[in-house]
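A.B. asks: Before I ask anything, here is the structure I am working with.
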Amino acid sequence: MKRIQDFKVAGYTWLNRDSYLIELESEQDLPGIAPGNFAEIKVPGNPGVFLRRPFSIFDVDYDYRVLSIFIKIIGEGTRALGSLNQGQPVSLIYPLGNTFSIPEKGPVLIIAGGSGMAPFLLLGKKLKERSVNATYLLGGRTSEDLHMIETFSDYGQVFASTEDGSAGTQGVVTDHEVLKDKTLPFRMIYTCGPDPMMKAVARLARQRNIPCEASLEHMMACGFGACLCCVTETAEGKNVCVCTEGPVFNVKNLAWQI
Ligand SMILES: Cc1cc2nc3c(=O)[nH]c(=O)nc-3n(C[C@H](O)[C@H](O)[C@H](O)COP(=O)(O)OP(=O)(O)OC[C@H]3O[C@@H](n4cnc5c(N)ncnc54)[C@H](O)[C@@H]3O)c2cc1C
Ligand code: FES
């Protein structure tokens with residue numbers, strides 16, 4: 001059930017010049033959070049950033065009532081959230097959105113591009129809890145776009161690729177060796193990242209007859225179905241809000257030309 005809750009900044013872990021994890025702690029208990037859920041965060045003390053900004057929930061510690069959010073700086077809001085003082089209050093509306101479906105049996109493949117890895121730590125934890133084997137394929141333009149590979153490797157085998165070859169295999173993530181096997185054994189493919197990458201993943205999944213779920217990162221304002229600024233078209237020609245019907249969609253239900 002979504003709620004508005006005040007948190008305080010507990011600390012930051014900077015991953016490189018423009019990406020960080022922000023830890024937010026609350027005095028109240030946290031509700032159950034499912035992989036794929038996101039939060040609408042109000043950027044405090046910054047009238048120039050009026051609308052809340054949506055972010056996947058990267059990790060949760062229910063005992064200490066702490067949420068971790070991965071943030072890549074791309075504009076004013078993401079920059080401002082990276083320079084708050086410890087203890088500063090931050091308001092969240094969360095948990096929003098739906099979750100990934102988990103097959104009864106694995107293995108499954110998770111393909112993320114850059115910041116698209118954000119929903120996949122909680123997913124990896126859930127898969128491990130259900131004894132479903134996961135393989136991660138994490139891609140980026142350069143090594144600067146790959147984060148916390150060791151953390152992910154606690155939840156599955158991790159392969160990495162970068163377009164410039166500065167880490168992992170050189171090339172785009174959808175050309176990785178792991179995907180060359182014509183008899184890909186995976187029961188499900190999950191993806192999040194830039195649209196062209198997710199569409200390439202969806203195409204591959206369709207060719208191999210593997211179900212595929214994508215987490216869409218459309219522009220959002222309200223986060224709960226009121227402003228209609230986040231619509232996407234379904235395969236049936238309906239317009240649906242990504243914030244309430246998603247952000248996770250089975251790609252066969254989307255009007256993607258793939
Ligand atoms: C469900 C969901 C989950 C997300 N999870 C994460 C996450 O875990 N970590 C993370 O770093 N980011 C995540 N994002 C993206 C994040 O919301 C945006 O980066 C953030 O809102 C940008 O705010 P800003 O004020 O810094 O930039 P703005 O000033 O709002 O925008 C800067 C530029 O980026 C463009 N832009 C803004 N948002 C998006 C978007 N969603 N897609 C494409 N272009 C955009 C704007 O048009 C503008 O050109 C998520 C988005 C959604 C919808
Ligand atoms: S963000 Fe307002 S309707 Fe989806």
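We name chains A, B, ... following the order of the structure tokens; residues begin at 1 in each chain, and ligands are numbered from 1 as shown.
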Per DSSP on the backbone, what are the alpha helix (DSSP H) residues of range 61-245 of chain A, as a PyMOL selection string?

C.D. replies: chain A and resi 76-81+120-129+149-152+195-207+242-245

A.B. asks: How would the residues just picked look written out with N, CA and C atoms as a compact mmCIF listing (two decimals), in the first residue's frame?

C.D. replies:
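Heads up, here's the output in selection39.txt:
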```txt
# COMPACT_ATOMS: atom_id res chain seq x y z
N GLU A 76 19.04 18.65 -12.72
CA GLU A 76 19.04 19.41 -11.47
C GLU A 76 18.61 18.56 -10.26
N GLY A 77 17.55 17.76 -10.44
CA GLY A 77 17.03 16.99 -9.31
C GLY A 77 18.02 15.93 -8.83
N THR A 78 18.57 15.19 -9.75
CA THR A 78 19.52 14.13 -9.37
C THR A 78 20.81 14.73 -8.80
N ARG A 79 21.16 15.93 -9.27
CA ARG A 79 22.35 16.61 -8.71
C ARG A 79 22.06 17.05 -7.28
N ALA A 80 20.87 17.67 -7.09
CA ALA A 80 20.53 18.20 -5.76
C ALA A 80 20.41 17.07 -4.73
N LEU A 81 19.86 15.93 -5.14
CA LEU A 81 19.73 14.82 -4.19
C LEU A 81 21.09 14.28 -3.75
N PHE A 120 17.42 -4.49 -10.09
CA PHE A 120 17.77 -5.91 -10.17
C PHE A 120 18.52 -6.49 -8.97
N LEU A 121 18.84 -5.65 -7.99
CA LEU A 121 19.42 -6.26 -6.78
C LEU A 121 18.30 -6.91 -5.97
N LEU A 122 17.20 -6.19 -5.78
CA LEU A 122 16.06 -6.77 -5.04
C LEU A 122 15.51 -7.99 -5.78
N LEU A 123 15.52 -7.92 -7.12
CA LEU A 123 15.04 -9.09 -7.88
C LEU A 123 15.97 -10.28 -7.63
N GLY A 124 17.29 -10.04 -7.66
CA GLY A 124 18.25 -11.12 -7.41
C GLY A 124 18.03 -11.74 -6.03
N LYS A 125 17.72 -10.90 -5.04
CA LYS A 125 17.48 -11.42 -3.68
C LYS A 125 16.24 -12.30 -3.66
N LYS A 126 15.18 -11.83 -4.33
CA LYS A 126 13.93 -12.60 -4.37
C LYS A 126 14.13 -13.94 -5.09
N LEU A 127 14.90 -13.89 -6.20
CA LEU A 127 15.13 -15.13 -6.96
C LEU A 127 15.91 -16.13 -6.10
N LYS A 128 16.89 -15.62 -5.38
CA LYS A 128 17.70 -16.51 -4.54
C LYS A 128 16.83 -17.13 -3.44
N GLU A 129 15.99 -16.29 -2.84
CA GLU A 129 15.05 -16.78 -1.81
C GLU A 129 14.20 -17.93 -2.35
N ILE A 149 29.42 -4.73 -9.27
CA ILE A 149 29.39 -6.08 -9.84
C ILE A 149 29.54 -7.13 -8.74
N GLU A 150 30.39 -6.81 -7.74
CA GLU A 150 30.58 -7.78 -6.65
C GLU A 150 29.29 -7.99 -5.86
N THR A 151 28.56 -6.91 -5.67
CA THR A 151 27.28 -7.02 -4.93
C THR A 151 26.32 -7.92 -5.69
N PHE A 152 26.23 -7.71 -7.01
CA PHE A 152 25.32 -8.54 -7.81
C PHE A 152 25.77 -10.00 -7.82
N ASP A 195 15.72 2.32 -24.14
CA ASP A 195 14.69 1.67 -24.96
C ASP A 195 15.25 0.80 -26.10
N PRO A 196 16.21 1.32 -26.90
CA PRO A 196 16.71 0.48 -28.01
C PRO A 196 17.32 -0.84 -27.52
N MET A 197 17.98 -0.77 -26.34
CA MET A 197 18.55 -2.00 -25.78
C MET A 197 17.44 -2.96 -25.37
N MET A 198 16.42 -2.43 -24.70
CA MET A 198 15.34 -3.31 -24.24
C MET A 198 14.60 -3.93 -25.43
N LYS A 199 14.48 -3.14 -26.51
CA LYS A 199 13.79 -3.69 -27.69
C LYS A 199 14.63 -4.79 -28.33
N ALA A 200 15.95 -4.61 -28.34
CA ALA A 200 16.83 -5.67 -28.88
C ALA A 200 16.71 -6.93 -28.02
N VAL A 201 16.61 -6.74 -26.71
CA VAL A 201 16.46 -7.90 -25.81
C VAL A 201 15.11 -8.58 -26.07
N ALA A 202 14.06 -7.75 -26.24
CA ALA A 202 12.72 -8.30 -26.49
C ALA A 202 12.70 -9.10 -27.79
N ARG A 203 13.42 -8.61 -28.80
CA ARG A 203 13.47 -9.30 -30.10
C ARG A 203 14.13 -10.68 -29.91
N LEU A 204 15.24 -10.66 -29.20
CA LEU A 204 15.97 -11.91 -28.96
C LEU A 204 15.10 -12.91 -28.19
N ALA A 205 14.40 -12.40 -27.17
CA ALA A 205 13.54 -13.27 -26.36
C ALA A 205 12.44 -13.87 -27.24
N ARG A 206 11.88 -13.06 -28.15
CA ARG A 206 10.81 -13.56 -29.01
C ARG A 206 11.35 -14.64 -29.95
N GLN A 207 12.57 -14.36 -30.53
CA GLN A 207 13.17 -15.35 -31.44
C GLN A 207 13.39 -16.68 -30.73
N VAL A 242 2.41 3.99 -17.27
CA VAL A 242 3.54 3.15 -16.84
C VAL A 242 3.63 3.14 -15.31
N CYS A 243 3.25 4.25 -14.67
CA CYS A 243 3.41 4.33 -13.21
C CYS A 243 2.45 3.42 -12.46
N THR A 244 1.27 3.16 -13.02
CA THR A 244 0.32 2.32 -12.29
C THR A 244 0.21 0.91 -12.87
N GLU A 245 0.27 0.79 -14.20
CA GLU A 245 0.19 -0.55 -14.83
C GLU A 245 1.56 -1.20 -14.87
```

A.B. asks: Using only C-alpha atoms and all ligand atoms, tabulate the residues of chain A lying at most 6 Å from any atom of ligand 2, each with its closest atom pair and that distance in Å to one decimal, by chain and increasing residue number, as JSON lines.

C.D. replies:
```
{"residue": "A:Met220", "atom": "CA", "partner": "ligand 2", "partner_atom_place_in_ligand_line": "1 (S)", "distance": 3.8}
{"residue": "A:Ala221", "atom": "CA", "partner": "ligand 2", "partner_atom_place_in_ligand_line": "1 (S)", "distance": 4.3}
{"residue": "A:Cys222", "atom": "CA", "partner": "ligand 2", "partner_atom_place_in_ligand_line": "2 (Fe)", "distance": 4.0}
{"residue": "A:Gly223", "atom": "CA", "partner": "ligand 2", "partner_atom_place_in_ligand_line": "1 (S)", "distance": 3.9}
{"residue": "A:Phe224", "atom": "CA", "partner": "ligand 2", "partner_atom_place_in_ligand_line": "3 (S)", "distance": 5.5}
{"residue": "A:Gly225", "atom": "CA", "partner": "ligand 2", "partner_atom_place_in_ligand_line": "3 (S)", "distance": 3.4}
{"residue": "A:Ala226", "atom": "CA", "partner": "ligand 2", "partner_atom_place_in_ligand_line": "3 (S)", "distance": 4.5}
{"residue": "A:Cys227", "atom": "CA", "partner": "ligand 2", "partner_atom_place_in_ligand_line": "2 (Fe)", "distance": 3.8}
{"residue": "A:Leu228", "atom": "CA", "partner": "ligand 2", "partner_atom_place_in_ligand_line": "3 (S)", "distance": 3.7}
{"residue": "A:Cys229", "atom": "CA", "partner": "ligand 2", "partner_atom_place_in_ligand_line": "2 (Fe)", "distance": 5.3}
{"residue": "A:Cys230", "atom": "CA", "partner": "ligand 2", "partner_atom_place_in_ligand_line": "4 (Fe)", "distance": 4.5}
{"residue": "A:Cys241", "atom": "CA", "partner": "ligand 2", "partner_atom_place_in_ligand_line": "4 (Fe)", "distance": 5.1}
{"residue": "A:Val242", "atom": "CA", "partner": "ligand 2", "partner_atom_place_in_ligand_line": "4 (Fe)", "distance": 5.9}
{"residue": "A:Cys243", "atom": "CA", "partner": "ligand 2", "partner_atom_place_in_ligand_line": "4 (Fe)", "distance": 4.4}
```

A.B. asks: 7 Å from ligand 1 is the threshold here; counting only C-alpha atoms and all ligand atoms, which polymer residues fall inside it? Answer as a PyMOL selection string.

C.D. replies: chain A and resi 38+49+53-58+69-79+115+118-119+216-220+243+247

A.B. asks: Filtering to N, CA and C atoms, could you give me those residues as a PDB file, in the first residue's frame?

C.D. replies:
```pdb
ATOM      1  N   PHE A  38       9.035   1.385  -7.145  1.00  0.00           N
ATOM      2  CA  PHE A  38       9.825   2.614  -7.159  1.00  0.00           C
ATOM      3  C   PHE A  38       9.255   3.625  -6.177  1.00  0.00           C
ATOM      4  N   VAL A  49      13.127  22.487  -8.566  1.00  0.00           N
ATOM      5  CA  VAL A  49      12.747  21.101  -8.899  1.00  0.00           C
ATOM      6  C   VAL A  49      11.459  20.816  -8.143  1.00  0.00           C
ATOM      7  N   ARG A  53      10.742  13.112  -8.222  1.00  0.00           N
ATOM      8  CA  ARG A  53      11.467  12.336  -9.222  1.00  0.00           C
ATOM      9  C   ARG A  53      11.349  10.840  -8.901  1.00  0.00           C
ATOM     10  N   PRO A  54      11.100  10.002  -9.929  1.00  0.00           N
ATOM     11  CA  PRO A  54      10.954   8.556  -9.682  1.00  0.00           C
ATOM     12  C   PRO A  54      12.295   7.803  -9.697  1.00  0.00           C
ATOM     13  N   PHE A  55      12.463   6.916  -8.723  1.00  0.00           N
ATOM     14  CA  PHE A  55      13.672   6.068  -8.677  1.00  0.00           C
ATOM     15  C   PHE A  55      13.295   4.669  -8.200  1.00  0.00           C
ATOM     16  N   SER A  56      13.913   3.664  -8.810  1.00  0.00           N
ATOM     17  CA  SER A  56      13.737   2.291  -8.339  1.00  0.00           C
ATOM     18  C   SER A  56      14.287   2.177  -6.928  1.00  0.00           C
ATOM     19  N   ILE A  57      13.703   1.266  -6.178  1.00  0.00           N
ATOM     20  CA  ILE A  57      14.283   1.009  -4.853  1.00  0.00           C
ATOM     21  C   ILE A  57      15.376  -0.031  -5.042  1.00  0.00           C
ATOM     22  N   PHE A  58      16.596   0.379  -4.770  1.00  0.00           N
ATOM     23  CA  PHE A  58      17.748  -0.479  -5.047  1.00  0.00           C
ATOM     24  C   PHE A  58      17.872  -1.567  -3.982  1.00  0.00           C
ATOM     25  N   ILE A  69      18.936   3.959  -2.593  1.00  0.00           N
ATOM     26  CA  ILE A  69      18.509   4.331  -3.944  1.00  0.00           C
ATOM     27  C   ILE A  69      19.768   4.631  -4.748  1.00  0.00           C
ATOM     28  N   PHE A  70      19.853   4.023  -5.927  1.00  0.00           N
ATOM     29  CA  PHE A  70      20.973   4.317  -6.839  1.00  0.00           C
ATOM     30  C   PHE A  70      20.554   5.509  -7.700  1.00  0.00           C
ATOM     31  N   ILE A  71      21.417   6.510  -7.794  1.00  0.00           N
ATOM     32  CA  ILE A  71      21.072   7.686  -8.601  1.00  0.00           C
ATOM     33  C   ILE A  71      22.229   8.072  -9.526  1.00  0.00           C
ATOM     34  N   LYS A  72      21.885   8.238 -10.791  1.00  0.00           N
ATOM     35  CA  LYS A  72      22.844   8.793 -11.754  1.00  0.00           C
ATOM     36  C   LYS A  72      22.445  10.245 -12.015  1.00  0.00           C
ATOM     37  N   ILE A  73      23.395  11.137 -11.923  1.00  0.00           N
ATOM     38  CA  ILE A  73      23.096  12.557 -12.128  1.00  0.00           C
ATOM     39  C   ILE A  73      22.891  12.822 -13.620  1.00  0.00           C
ATOM     40  N   ILE A  74      21.662  13.318 -13.930  1.00  0.00           N
ATOM     41  CA  ILE A  74      21.433  13.723 -15.331  1.00  0.00           C
ATOM     42  C   ILE A  74      20.856  15.126 -15.416  1.00  0.00           C
ATOM     43  N   GLY A  75      20.482  15.702 -14.282  1.00  0.00           N
ATOM     44  CA  GLY A  75      19.872  17.035 -14.293  1.00  0.00           C
ATOM     45  C   GLY A  75      19.856  17.606 -12.889  1.00  0.00           C
ATOM     46  N   GLU A  76      19.043  18.648 -12.718  1.00  0.00           N
ATOM     47  CA  GLU A  76      19.041  19.410 -11.473  1.00  0.00           C
ATOM     48  C   GLU A  76      18.613  18.562 -10.255  1.00  0.00           C
ATOM     49  N   GLY A  77      17.553  17.755 -10.441  1.00  0.00           N
ATOM     50  CA  GLY A  77      17.030  16.986  -9.308  1.00  0.00           C
ATOM     51  C   GLY A  77      18.023  15.932  -8.825  1.00  0.00           C
ATOM     52  N   THR A  78      18.571  15.188  -9.746  1.00  0.00           N
ATOM     53  CA  THR A  78      19.517  14.128  -9.367  1.00  0.00           C
ATOM     54  C   THR A  78      20.812  14.732  -8.801  1.00  0.00           C
ATOM     55  N   ARG A  79      21.164  15.932  -9.274  1.00  0.00           N
ATOM     56  CA  ARG A  79      22.351  16.606  -8.711  1.00  0.00           C
ATOM     57  C   ARG A  79      22.062  17.049  -7.277  1.00  0.00           C
ATOM     58  N   SER A 115      22.372   2.453 -15.758  1.00  0.00           N
ATOM     59  CA  SER A 115      21.566   2.615 -14.531  1.00  0.00           C
ATOM     60  C   SER A 115      20.393   1.649 -14.475  1.00  0.00           C
ATOM     61  N   ALA A 118      19.358  -0.845 -11.588  1.00  0.00           N
ATOM     62  CA  ALA A 118      18.829  -0.457 -10.267  1.00  0.00           C
ATOM     63  C   ALA A 118      17.728  -1.371  -9.710  1.00  0.00           C
ATOM     64  N   PRO A 119      16.775  -1.857 -10.531  1.00  0.00           N
ATOM     65  CA  PRO A 119      15.746  -2.716  -9.907  1.00  0.00           C
ATOM     66  C   PRO A 119      16.200  -4.159  -9.671  1.00  0.00           C
ATOM     67  N   LEU A 216      10.124  -0.225 -17.578  1.00  0.00           N
ATOM     68  CA  LEU A 216      10.218   1.008 -18.377  1.00  0.00           C
ATOM     69  C   LEU A 216      10.510   2.216 -17.494  1.00  0.00           C
ATOM     70  N   GLU A 217      11.381   3.091 -17.988  1.00  0.00           N
ATOM     71  CA  GLU A 217      11.699   4.308 -17.229  1.00  0.00           C
ATOM     72  C   GLU A 217      11.194   5.527 -17.986  1.00  0.00           C
ATOM     73  N   HIS A 218       9.878   5.593 -18.156  1.00  0.00           N
ATOM     74  CA  HIS A 218       9.296   6.759 -18.832  1.00  0.00           C
ATOM     75  C   HIS A 218       9.399   7.981 -17.933  1.00  0.00           C
ATOM     76  N   MET A 219       9.306   9.171 -18.554  1.00  0.00           N
ATOM     77  CA  MET A 219       9.219  10.395 -17.759  1.00  0.00           C
ATOM     78  C   MET A 219       7.953  10.314 -16.911  1.00  0.00           C
ATOM     79  N   MET A 220       8.058  10.719 -15.661  1.00  0.00           N
ATOM     80  CA  MET A 220       6.882  10.680 -14.777  1.00  0.00           C
ATOM     81  C   MET A 220       6.782  11.952 -13.971  1.00  0.00           C
ATOM     82  N   CYS A 243       3.247   4.249 -14.675  1.00  0.00           N
ATOM     83  CA  CYS A 243       3.415   4.333 -13.209  1.00  0.00           C
ATOM     84  C   CYS A 243       2.454   3.418 -12.455  1.00  0.00           C
ATOM     85  N   PRO A 247       5.961  -0.268 -13.464  1.00  0.00           N
ATOM     86  CA  PRO A 247       6.788  -0.085 -14.656  1.00  0.00           C
ATOM     87  C   PRO A 247       7.168  -1.381 -15.371  1.00  0.00           C
TER      88      PRO A 247
END
```

A.B. asks: What residues in range 92-253 of chain A get the DSSP label strand (DSSP E)? Please answer as an MDAnalysis selection string.

C.D. replies: chainID A and resid 92:96 108:113 134:140 157:162 169:170 188:192 212:215 231:233 239:241 248:250

A.B. asks: Would you output that residue set with N, CA and C atoms, as a compact mmCIF listing (two decimals), in the first residue's frame?

C.D. replies:
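out10.txt was written with the following content:
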```
# COMPACT_ATOMS: atom_id res chain seq x y z
N LEU A 92 9.17 10.74 0.68
CA LEU A 92 8.99 9.74 -0.37
C LEU A 92 7.51 9.35 -0.47
N ILE A 93 7.03 9.15 -1.69
CA ILE A 93 5.78 8.41 -1.89
C ILE A 93 6.21 7.06 -2.44
N TYR A 94 5.81 6.00 -1.76
CA TYR A 94 6.28 4.68 -2.14
C TYR A 94 5.48 3.63 -1.38
N PRO A 95 5.58 2.34 -1.62
CA PRO A 95 6.15 1.76 -2.83
C PRO A 95 5.13 1.86 -3.96
N LEU A 96 5.62 2.26 -5.12
CA LEU A 96 4.76 2.46 -6.28
C LEU A 96 5.07 1.41 -7.34
N VAL A 108 17.17 -17.97 -14.96
CA VAL A 108 16.67 -16.76 -15.60
C VAL A 108 17.85 -15.85 -15.94
N LEU A 109 17.59 -14.95 -16.88
CA LEU A 109 18.65 -14.03 -17.33
C LEU A 109 18.18 -12.60 -17.11
N ILE A 110 19.08 -11.80 -16.53
CA ILE A 110 18.77 -10.38 -16.26
C ILE A 110 19.72 -9.54 -17.10
N ILE A 111 19.17 -8.72 -17.99
CA ILE A 111 20.04 -7.91 -18.87
C ILE A 111 19.79 -6.44 -18.57
N ALA A 112 20.83 -5.75 -18.11
CA ALA A 112 20.67 -4.34 -17.72
C ALA A 112 21.67 -3.48 -18.46
N GLY A 113 21.21 -2.28 -18.84
CA GLY A 113 22.11 -1.32 -19.47
C GLY A 113 22.31 -0.14 -18.53
N ALA A 134 20.03 -17.25 -11.24
CA ALA A 134 20.03 -16.05 -12.10
C ALA A 134 21.41 -15.82 -12.70
N THR A 135 21.40 -15.34 -13.94
CA THR A 135 22.62 -14.85 -14.58
C THR A 135 22.40 -13.38 -14.89
N TYR A 136 23.37 -12.54 -14.53
CA TYR A 136 23.29 -11.11 -14.85
C TYR A 136 24.19 -10.81 -16.04
N LEU A 137 23.67 -10.01 -16.94
CA LEU A 137 24.46 -9.48 -18.04
C LEU A 137 24.35 -7.96 -17.94
N LEU A 138 25.45 -7.32 -17.50
CA LEU A 138 25.41 -5.88 -17.24
C LEU A 138 26.24 -5.17 -18.31
N GLY A 139 25.64 -4.19 -18.97
CA GLY A 139 26.36 -3.51 -20.03
C GLY A 139 26.42 -2.01 -19.81
N GLY A 140 27.42 -1.40 -20.44
CA GLY A 140 27.53 0.06 -20.35
C GLY A 140 28.35 0.56 -21.52
N GLN A 157 25.55 -15.42 -11.38
CA GLN A 157 26.78 -15.25 -12.15
C GLN A 157 26.67 -13.93 -12.92
N VAL A 158 27.76 -13.14 -12.91
CA VAL A 158 27.68 -11.84 -13.59
C VAL A 158 28.63 -11.80 -14.78
N PHE A 159 28.09 -11.40 -15.94
CA PHE A 159 28.91 -11.11 -17.12
C PHE A 159 28.78 -9.62 -17.39
N ALA A 160 29.87 -9.02 -17.87
CA ALA A 160 29.82 -7.58 -18.14
C ALA A 160 30.29 -7.31 -19.55
N SER A 161 29.80 -6.21 -20.12
CA SER A 161 30.30 -5.79 -21.42
C SER A 161 30.30 -4.26 -21.48
N THR A 162 31.25 -3.72 -22.20
CA THR A 162 31.26 -2.27 -22.42
C THR A 162 31.53 -2.02 -23.90
N THR A 169 33.54 -7.81 -21.75
CA THR A 169 33.68 -8.04 -23.20
C THR A 169 33.39 -6.75 -23.96
N GLN A 170 34.12 -6.53 -25.06
CA GLN A 170 33.84 -5.31 -25.84
C GLN A 170 32.62 -5.51 -26.73
N MET A 188 13.10 -17.17 -18.30
CA MET A 188 12.58 -15.80 -18.29
C MET A 188 13.77 -14.86 -18.52
N ILE A 189 13.51 -13.77 -19.24
CA ILE A 189 14.53 -12.73 -19.38
C ILE A 189 13.91 -11.45 -18.82
N TYR A 190 14.68 -10.77 -17.96
CA TYR A 190 14.25 -9.47 -17.42
C TYR A 190 15.19 -8.41 -17.98
N THR A 191 14.65 -7.24 -18.28
CA THR A 191 15.54 -6.20 -18.80
C THR A 191 15.13 -4.81 -18.34
N CYS A 192 16.13 -3.94 -18.22
CA CYS A 192 15.89 -2.53 -17.92
C CYS A 192 17.09 -1.75 -18.46
N CYS A 212 9.64 -12.43 -21.60
CA CYS A 212 10.55 -11.32 -21.29
C CYS A 212 9.77 -10.20 -20.62
N GLU A 213 10.30 -9.72 -19.51
CA GLU A 213 9.69 -8.57 -18.82
C GLU A 213 10.67 -7.40 -18.82
N ALA A 214 10.12 -6.22 -19.14
CA ALA A 214 10.96 -5.01 -19.20
C ALA A 214 10.44 -4.01 -18.19
N SER A 215 11.36 -3.34 -17.50
CA SER A 215 10.98 -2.27 -16.58
C SER A 215 11.21 -0.94 -17.30
N VAL A 231 2.23 7.65 -20.31
CA VAL A 231 1.53 6.56 -21.00
C VAL A 231 2.40 5.82 -22.01
N THR A 232 2.08 4.57 -22.16
CA THR A 232 2.69 3.75 -23.22
C THR A 232 1.56 2.98 -23.89
N GLU A 233 1.79 2.59 -25.16
CA GLU A 233 0.72 1.90 -25.88
C GLU A 233 0.88 0.39 -25.74
N ASN A 239 -3.85 2.93 -24.35
CA ASN A 239 -2.80 3.69 -23.68
C ASN A 239 -2.90 3.45 -22.18
N VAL A 240 -1.79 3.02 -21.58
CA VAL A 240 -1.82 2.75 -20.13
C VAL A 240 -0.70 3.55 -19.45
N CYS A 241 -0.92 3.86 -18.18
CA CYS A 241 0.10 4.60 -17.42
C CYS A 241 1.19 3.63 -16.97
N VAL A 248 6.80 -2.55 -14.77
CA VAL A 248 7.22 -3.81 -15.38
C VAL A 248 6.13 -4.32 -16.32
N PHE A 249 6.50 -4.61 -17.56
CA PHE A 249 5.55 -5.12 -18.56
C PHE A 249 6.13 -6.37 -19.20
N ASN A 250 5.25 -7.34 -19.47
CA ASN A 250 5.65 -8.42 -20.35
C ASN A 250 5.73 -7.80 -21.74
```

A.B. asks: Report, in Å to a single decimal, how far apart CA of Ile210 in chain A and CA of Asp164 in chain A are.

C.D. replies: 29.3 Å

A.B. asks: State, in Å with one decimal place, the distance from CA of Tyr155 in chain A to CA of Pro107 in chain A.

C.D. replies: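 Going from CA of Tyr155 in chain A over to CA of Pro107 in chain A covers 12.2 Å.
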
A.B. asks: Excluding Val66 in chain A and residues on its chain fewer than 2 positions from it, collect all residues at most 7 Å away from it, counting only C-alpha atoms, and give them as a PDB file with N, CA and C atoms, in the first residue's frame.

C.D. replies:
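The new file around.pdb reads:
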```
ATOM      1  N   GLU A  23      21.462   6.633   1.090  1.00  0.00           N
ATOM      2  CA  GLU A  23      20.768   5.810   2.089  1.00  0.00           C
ATOM      3  C   GLU A  23      19.828   6.707   2.866  1.00  0.00           C
ATOM      4  N   LEU A  24      18.569   6.274   2.931  1.00  0.00           N
ATOM      5  CA  LEU A  24      17.542   7.066   3.598  1.00  0.00           C
ATOM      6  C   LEU A  24      16.964   6.246   4.741  1.00  0.00           C
ATOM      7  N   GLU A  25      16.976   6.825   5.961  1.00  0.00           N
ATOM      8  CA  GLU A  25      16.449   6.051   7.099  1.00  0.00           C
ATOM      9  C   GLU A  25      15.190   6.698   7.653  1.00  0.00           C
ATOM     10  N   SER A  26      14.334   5.840   8.203  1.00  0.00           N
ATOM     11  CA  SER A  26      13.047   6.327   8.711  1.00  0.00           C
ATOM     12  C   SER A  26      12.869   5.908  10.163  1.00  0.00           C
ATOM     13  N   VAL A  60      16.756  -2.634   0.456  1.00  0.00           N
ATOM     14  CA  VAL A  60      15.974  -2.326   1.660  1.00  0.00           C
ATOM     15  C   VAL A  60      16.586  -3.040   2.846  1.00  0.00           C
ATOM     16  N   ASP A  61      16.687  -2.348   3.965  1.00  0.00           N
ATOM     17  CA  ASP A  61      17.047  -3.003   5.218  1.00  0.00           C
ATOM     18  C   ASP A  61      15.900  -2.747   6.193  1.00  0.00           C
ATOM     19  N   TYR A  62      15.035  -3.763   6.348  1.00  0.00           N
ATOM     20  CA  TYR A  62      13.839  -3.583   7.177  1.00  0.00           C
ATOM     21  C   TYR A  62      14.212  -3.412   8.653  1.00  0.00           C
ATOM     22  N   TYR A  64      16.886  -1.959  10.052  1.00  0.00           N
ATOM     23  CA  TYR A  64      17.355  -0.593  10.350  1.00  0.00           C
ATOM     24  C   TYR A  64      16.481   0.474   9.690  1.00  0.00           C
ATOM     25  N   SER A  68      17.988   2.067   0.161  1.00  0.00           N
ATOM     26  CA  SER A  68      19.104   2.561  -0.665  1.00  0.00           C
ATOM     27  C   SER A  68      18.570   2.821  -2.060  1.00  0.00           C
TER      28      SER A  68
END
```

A.B. asks: Between CA of Met1 in chain A and CA of Tyr20 in chain A, what is the spacing in Å?

C.D. replies: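 We find that CA of Tyr20 in chain A and CA of Met1 in chain A lie 27.6 Å from each other.
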
A.B. asks: Pick the closest to Ile33 in chain A from A:Asn98, A:Asn16, A:Asn85, A:Gln5: which is it, counting only C-alpha atoms?

C.D. replies: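 Answer, going by the shortest atom-to-atom distance: A:Asn98.
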
A.B. asks: With only C-alpha atoms as the counted atoms, please give the residues lying no more than 9 Å from Glu27 in chain A, apart from itself and same-chain residues fewer than 3 positions off, as a ChimeraX atom specification.

C.D. replies: /A:6-8,65

A.B. asks: Write the residues you've just listed into a file as an mmCIF file, in the first residue's frame, and include N, CA and C atoms for each of them.

C.D. replies:
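Contents of part35.cif, as written:
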```cif
data_model
loop_
_atom_site.group_PDB
_atom_site.id
_atom_site.type_symbol
_atom_site.label_atom_id
_atom_site.label_comp_id
_atom_site.auth_asym_id
_atom_site.auth_seq_id
_atom_site.Cartn_x
_atom_site.Cartn_y
_atom_site.Cartn_z
ATOM 1 N N ASP A 6 8.348 10.345 5.680
ATOM 2 C CA ASP A 6 9.567 11.156 5.796
ATOM 3 C C ASP A 6 10.751 10.286 6.178
ATOM 4 N N PHE A 7 11.824 10.495 5.476
ATOM 5 C CA PHE A 7 13.090 9.816 5.759
ATOM 6 C C PHE A 7 14.128 10.879 6.101
ATOM 7 N N LYS A 8 15.273 10.418 6.599
ATOM 8 C CA LYS A 8 16.412 11.332 6.768
ATOM 9 C C LYS A 8 17.601 10.759 6.022
ATOM 10 N N ARG A 65 15.423 0.048 8.990
ATOM 11 C CA ARG A 65 14.478 0.957 8.309
ATOM 12 C C ARG A 65 15.202 1.880 7.331
#
```

A.B. asks: So, with only C-alpha atoms as the atoms that count, which of A:Asn133, A:Thr142, A:Gln257, A:Ser83 lies closest to Lys105 in chain A?

C.D. replies: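 Among the listed residues, the smallest separation from Lys105 in chain A belongs to A:Asn133.
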